[in-house]
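Below: my_file-v5.pdb (PDB, C-alpha atoms)
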```pdb
ATOM      1  CA  MET A  36     102.178 117.949 108.434
ATOM      2  CA  ALA A  37     102.499 118.179 104.640
ATOM      3  CA  GLU A  38     103.265 121.910 104.730
ATOM      4  CA  ALA A  39     105.867 121.424 107.464
ATOM      5  CA  ASP A  40     107.539 118.712 105.366
ATOM      6  CA  GLY A  41     107.355 120.739 102.153
ATOM      7  CA  ALA A  42     105.101 118.123 100.532
ATOM      8  CA  THR A  43     102.906 120.579  98.664
ATOM      9  CA  ALA A  44     103.669 119.640  95.044
ATOM     10  CA  ALA A  45     100.908 118.799  92.599
ATOM     11  CA  PRO A  46     100.629 115.132  91.611
ATOM     12  CA  ARG A  47     102.000 114.145  88.243
ATOM     13  CA  PRO A  48      99.374 113.784  85.531
ATOM     14  CA  GLY A  49      98.397 110.293  84.454
ATOM     15  CA  PRO A  50     100.036 108.945  81.309
ATOM     16  CA  ASP A  51      98.335 109.668  78.000
ATOM     17  CA  PRO A  52      99.006 106.909  75.434
ATOM     18  CA  ASP A  53      99.159 109.470  72.606
ATOM     19  CA  ASP A  54     101.507 111.883  74.371
ATOM     20  CA  VAL A  55     105.088 111.121  75.415
ATOM     21  CA  THR A  56     105.839 114.432  77.174
ATOM     22  CA  TRP A  57     104.836 112.999  80.565
ATOM     23  CA  ILE A  58     107.981 110.874  80.461
ATOM     24  CA  GLU A  59     110.178 113.949  80.666
ATOM     25  CA  PRO A  60     111.017 115.034  84.223
ATOM     26  CA  PRO A  61     109.184 118.159  85.400
ATOM     27  CA  ILE A  62     110.983 121.492  85.481
ATOM     28  CA  CYS A  63     110.856 123.879  88.451
ATOM     29  CA  PRO A  64     109.072 127.091  87.401
ATOM     30  CA  GLU A  65     111.244 129.118  89.805
ATOM     31  CA  CYS A  66     114.770 128.032  88.854
ATOM     32  CA  GLY A  67     114.350 125.948  85.692
ATOM     33  CA  ALA A  68     116.055 122.860  87.189
ATOM     34  CA  LEU A  69     114.811 119.312  86.682
ATOM     35  CA  VAL A  70     112.944 117.896  89.682
ATOM     36  CA  ARG A  71     111.572 114.524  90.710
ATOM     37  CA  VAL A  72     107.997 114.501  91.993
ATOM     38  CA  TYR A  73     107.118 111.559  94.265
ATOM     39  CA  PRO A  74     104.115 110.647  96.371
ATOM     40  CA  THR A  75     104.594 110.520 100.135
ATOM     41  CA  THR A  76     103.245 107.914 102.506
ATOM     42  CA  TYR A  77     100.468 110.314 103.562
ATOM     43  CA  ASP A  78      98.874 111.020 100.139
ATOM     44  CA  ARG A  79     100.789 114.190  99.329
ATOM     45  CA  TRP A  80     103.456 114.874  96.713
ATOM     46  CA  VAL A  81     106.922 116.356  97.136
ATOM     47  CA  CYS A  82     109.488 117.807  94.714
ATOM     48  CA  LEU A  83     112.908 116.290  95.272
ATOM     49  CA  SER A  84     116.328 117.039  93.880
ATOM     50  CA  THR A  85     117.665 114.853  91.099
ATOM     51  CA  VAL A  86     120.860 114.069  93.052
ATOM     52  CA  GLU A  87     121.593 112.360  96.351
ATOM     53  CA  LEU A  88     123.874 114.077  98.844
ATOM     54  CA  PRO A  89     125.573 112.923 102.045
ATOM     55  CA  ALA A  90     123.357 113.534 105.083
ATOM     56  CA  LYS A  91     125.973 115.891 106.581
ATOM     57  CA  ASP A  92     125.390 118.309 103.650
ATOM     58  CA  VAL A  93     121.574 118.365 103.935
ATOM     59  CA  PRO A  94     119.785 120.137 106.812
ATOM     60  CA  GLU A  95     117.527 117.822 108.808
ATOM     61  CA  ALA A  96     114.306 119.468 107.567
ATOM     62  CA  PHE A  97     115.128 118.669 103.920
ATOM     63  CA  ARG A  98     116.172 114.988 104.157
ATOM     64  CA  TRP A  99     114.130 112.402 102.240
ATOM     65  CA  ARG A 100     114.578 108.780 101.178
ATOM     66  CA  LEU A 101     112.960 106.902  98.324
ATOM     67  CA  MET A 102     111.433 103.591  99.387
ATOM     68  CA  ARG A 103     109.902 100.807  97.311
ATOM     69  CA  LEU A 104     106.470  99.680  98.391
ATOM     70  CA  ALA A 105     106.399  96.106  99.622
ATOM     71  CA  THR A 106     104.632  93.828  97.165
ATOM     72  CA  ARG A 107     104.700  90.167  96.327
ATOM     73  CA  SER A 108     106.162  90.934  92.911
ATOM     74  CA  PRO A 109     109.959  90.911  92.486
ATOM     75  CA  VAL A 110     109.535  93.964  90.222
ATOM     76  CA  PRO A 111     109.153  97.219  92.170
ATOM     77  CA  THR A 112     105.735  98.620  91.347
ATOM     78  CA  ASP A 113     105.885 101.980  93.075
ATOM     79  CA  ILE A 114     108.248 104.252  94.954
ATOM     80  CA  VAL A 115     107.298 106.726  97.684
ATOM     81  CA  ALA A 116     109.223 109.514  99.392
ATOM     82  CA  VAL A 117     109.714 109.152 103.143
ATOM     83  CA  ARG A 118     111.055 111.887 105.446
ATOM     84  CA  VAL A 119     114.188 110.914 107.360
ATOM     85  CA  ARG A 120     113.141 111.184 111.013
ATOM     86  CA  GLY A 121     113.746 109.550 114.338
ATOM     87  CA  ILE A 122     117.217 108.096 113.969
ATOM     88  CA  ASP A 123     119.684 110.435 112.315
ATOM     89  CA  PRO A 124     121.540 108.928 109.361
ATOM     90  CA  LEU A 125     125.301 108.596 109.394
ATOM     91  CA  PRO A 126     127.024 111.723 108.023
ATOM     92  CA  SER A 127     128.123 109.888 104.866
ATOM     93  CA  GLU A 128     124.784 108.132 104.272
ATOM     94  CA  PRO A 129     123.076 109.357 101.082
ATOM     95  CA  VAL A 130     119.739 111.182 101.323
ATOM     96  CA  VAL A 131     117.636 112.940  98.701
ATOM     97  CA  PRO A 132     117.265 116.650  99.464
ATOM     98  CA  ALA A 133     113.974 118.440  98.931
ATOM     99  CA  HIS A 134     114.176 120.616  95.840
ATOM    100  CA  SER A 135     113.267 123.675  97.928
ATOM    101  CA  MET A 136     116.733 123.440  99.512
ATOM    102  CA  MET A 137     118.450 123.465  96.124
ATOM    103  CA  CYS A 138     116.128 125.953  94.368
ATOM    104  CA  VAL A 139     117.749 129.238  93.430
ATOM    105  CA  PRO A 140     115.283 131.419  91.473
ATOM    106  CA  GLU A 141     116.495 132.966  88.269
ATOM    107  CA  TRP A 142     116.532 136.721  88.685
ATOM    108  CA  GLY A 143     117.056 137.405  85.009
ATOM    109  CA  GLU A 144     120.193 138.329  83.169
ATOM    110  CA  PRO A 145     122.130 141.473  84.127
TER     111      PRO A 145
END
```
Re-express the file's structure as structure tokens.
Amino acid sequence: MAEADGATAAPRPGPDPDDVTWIEPPICPECGALVRVYPTTYDRWVCLSTVELPAKDVPEAFRWRLMRLATRSPVPTDIVAVRVRGIDPLPSEPVVPAHSMMCVPEWGEP
């Protein structure tokens, strides 16, 4: 299921109190773009684009949403990525595309 969804990213490393580089967003090794890495609801991680797009512009296989986990605290404690399935979103509804849809590898300079 994870491979079919594209949820094959490595988890983010835990924060080191002496190192602030973990705060910076990861960079895709293929295209050099910034990505967002989120856990899924089935203990895998997925690389998502840094922008939301209307659902009409994102193929069904690449549509994700970010959901807050339900807690008793009014402060959101964690966010997970959830594949958009079942009911199709409205064409104008925003979704987060998987980075694999947006990734264009750098082929070097001519």
Pick from A:Ala45, A:Ala133, A:Gly67, A:Asp78, whichever lies nearest to A:Val119 using all atoms listed in the file: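 Nearest candidate to A:Val119 out of A:Ala45, A:Ala133, A:Gly67, A:Asp78: A:Ala133.
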Contacts of A:Leu69 at 7 Å (all atoms listed in the file; same-chain gap of 2+ positions) as a ChimeraX atom specification: /A:60-63,67,85
For atom CA of A:Tyr73 and atom CA of A:Ala116, the interatomic separation in Å (one decimal):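 According to the coordinates, atom CA of A:Tyr73 and atom CA of A:Ala116 are separated by 5.9 Å.
What the PyMOL selection byres ((chain A and resi 65) around 8) picks from this file is Cys63, Pro64, Cys66, Gly67, Cys138, Val139, Pro140 and Glu141 of chain A.
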Name every residue that the PyMOL selection byres ((chain A and resi 96) around 12) selects in this structure, writing the answer as a PDB file with C-alpha atoms, in the frame of the given file with chains first and numbers rising.
```pdb
ATOM      1  CA  GLU A  38     103.265 121.910 104.730  1.00  0.00           C
ATOM      2  CA  ALA A  39     105.867 121.424 107.464  1.00  0.00           C
ATOM      3  CA  ASP A  40     107.539 118.712 105.366  1.00  0.00           C
ATOM      4  CA  GLY A  41     107.355 120.739 102.153  1.00  0.00           C
ATOM      5  CA  ALA A  42     105.101 118.123 100.532  1.00  0.00           C
ATOM      6  CA  ALA A  90     123.357 113.534 105.083  1.00  0.00           C
ATOM      7  CA  ASP A  92     125.390 118.309 103.650  1.00  0.00           C
ATOM      8  CA  VAL A  93     121.574 118.365 103.935  1.00  0.00           C
ATOM      9  CA  PRO A  94     119.785 120.137 106.812  1.00  0.00           C
ATOM     10  CA  GLU A  95     117.527 117.822 108.808  1.00  0.00           C
ATOM     11  CA  PHE A  97     115.128 118.669 103.920  1.00  0.00           C
ATOM     12  CA  ARG A  98     116.172 114.988 104.157  1.00  0.00           C
ATOM     13  CA  TRP A  99     114.130 112.402 102.240  1.00  0.00           C
ATOM     14  CA  ARG A 118     111.055 111.887 105.446  1.00  0.00           C
ATOM     15  CA  VAL A 119     114.188 110.914 107.360  1.00  0.00           C
ATOM     16  CA  ARG A 120     113.141 111.184 111.013  1.00  0.00           C
ATOM     17  CA  ASP A 123     119.684 110.435 112.315  1.00  0.00           C
ATOM     18  CA  VAL A 130     119.739 111.182 101.323  1.00  0.00           C
ATOM     19  CA  VAL A 131     117.636 112.940  98.701  1.00  0.00           C
ATOM     20  CA  PRO A 132     117.265 116.650  99.464  1.00  0.00           C
ATOM     21  CA  ALA A 133     113.974 118.440  98.931  1.00  0.00           C
ATOM     22  CA  HIS A 134     114.176 120.616  95.840  1.00  0.00           C
ATOM     23  CA  SER A 135     113.267 123.675  97.928  1.00  0.00           C
ATOM     24  CA  MET A 136     116.733 123.440  99.512  1.00  0.00           C
TER      25      MET A 136
END
```
Selected residue, from A:Ala44, A:Met137, A:Leu125, A:Val115, that lies nearest to A:Pro89 when counting only C-alpha atoms: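 Closest candidate: A:Leu125.
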Point-to-point distance from atom CA of A:Thr76 to atom CA of A:Glu128, Å rounded to tenths: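 We find that atom CA of A:Thr76 and atom CA of A:Glu128 lie 21.6 Å from each other.
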To test your reading of the syntax: which residues would the PyMOL selection byres ((chain A and resi 71) around 6) return for the file shown? Reply as a short mmCIF file (atom, residue, chain, number, x, y, z; two decimals) with C-alpha atoms, in the frame of the given file.
```
data_model
loop_
_atom_site.label_atom_id
_atom_site.label_comp_id
_atom_site.auth_asym_id
_atom_site.auth_seq_id
_atom_site.Cartn_x
_atom_site.Cartn_y
_atom_site.Cartn_z
CA VAL A 70 112.94 117.90 89.68
CA VAL A 72 108.00 114.50 91.99
CA CYS A 82 109.49 117.81 94.71
CA LEU A 83 112.91 116.29 95.27
#
```
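When atom CA of A:Met102 is paired with atom CA of A:Pro129, their separation reads 13.1 Å.
For the choices A:Trp80, A:Asp53, A:Gly121, A:Thr75, the atom-to-atom distance to A:Leu101 is smallest for A:Thr75 when using all atoms listed in the file.
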Using only C-alpha atoms: which of A:Pro74, A:Lys91, A:Ile122, A:Ser84 has the shortest distance to A:Leu104: A:Pro74
Among listed residues A:Ala105, A:Leu88, A:Ala68, A:Val81, nearest A:Val117 (using only C-alpha atoms): A:Val81
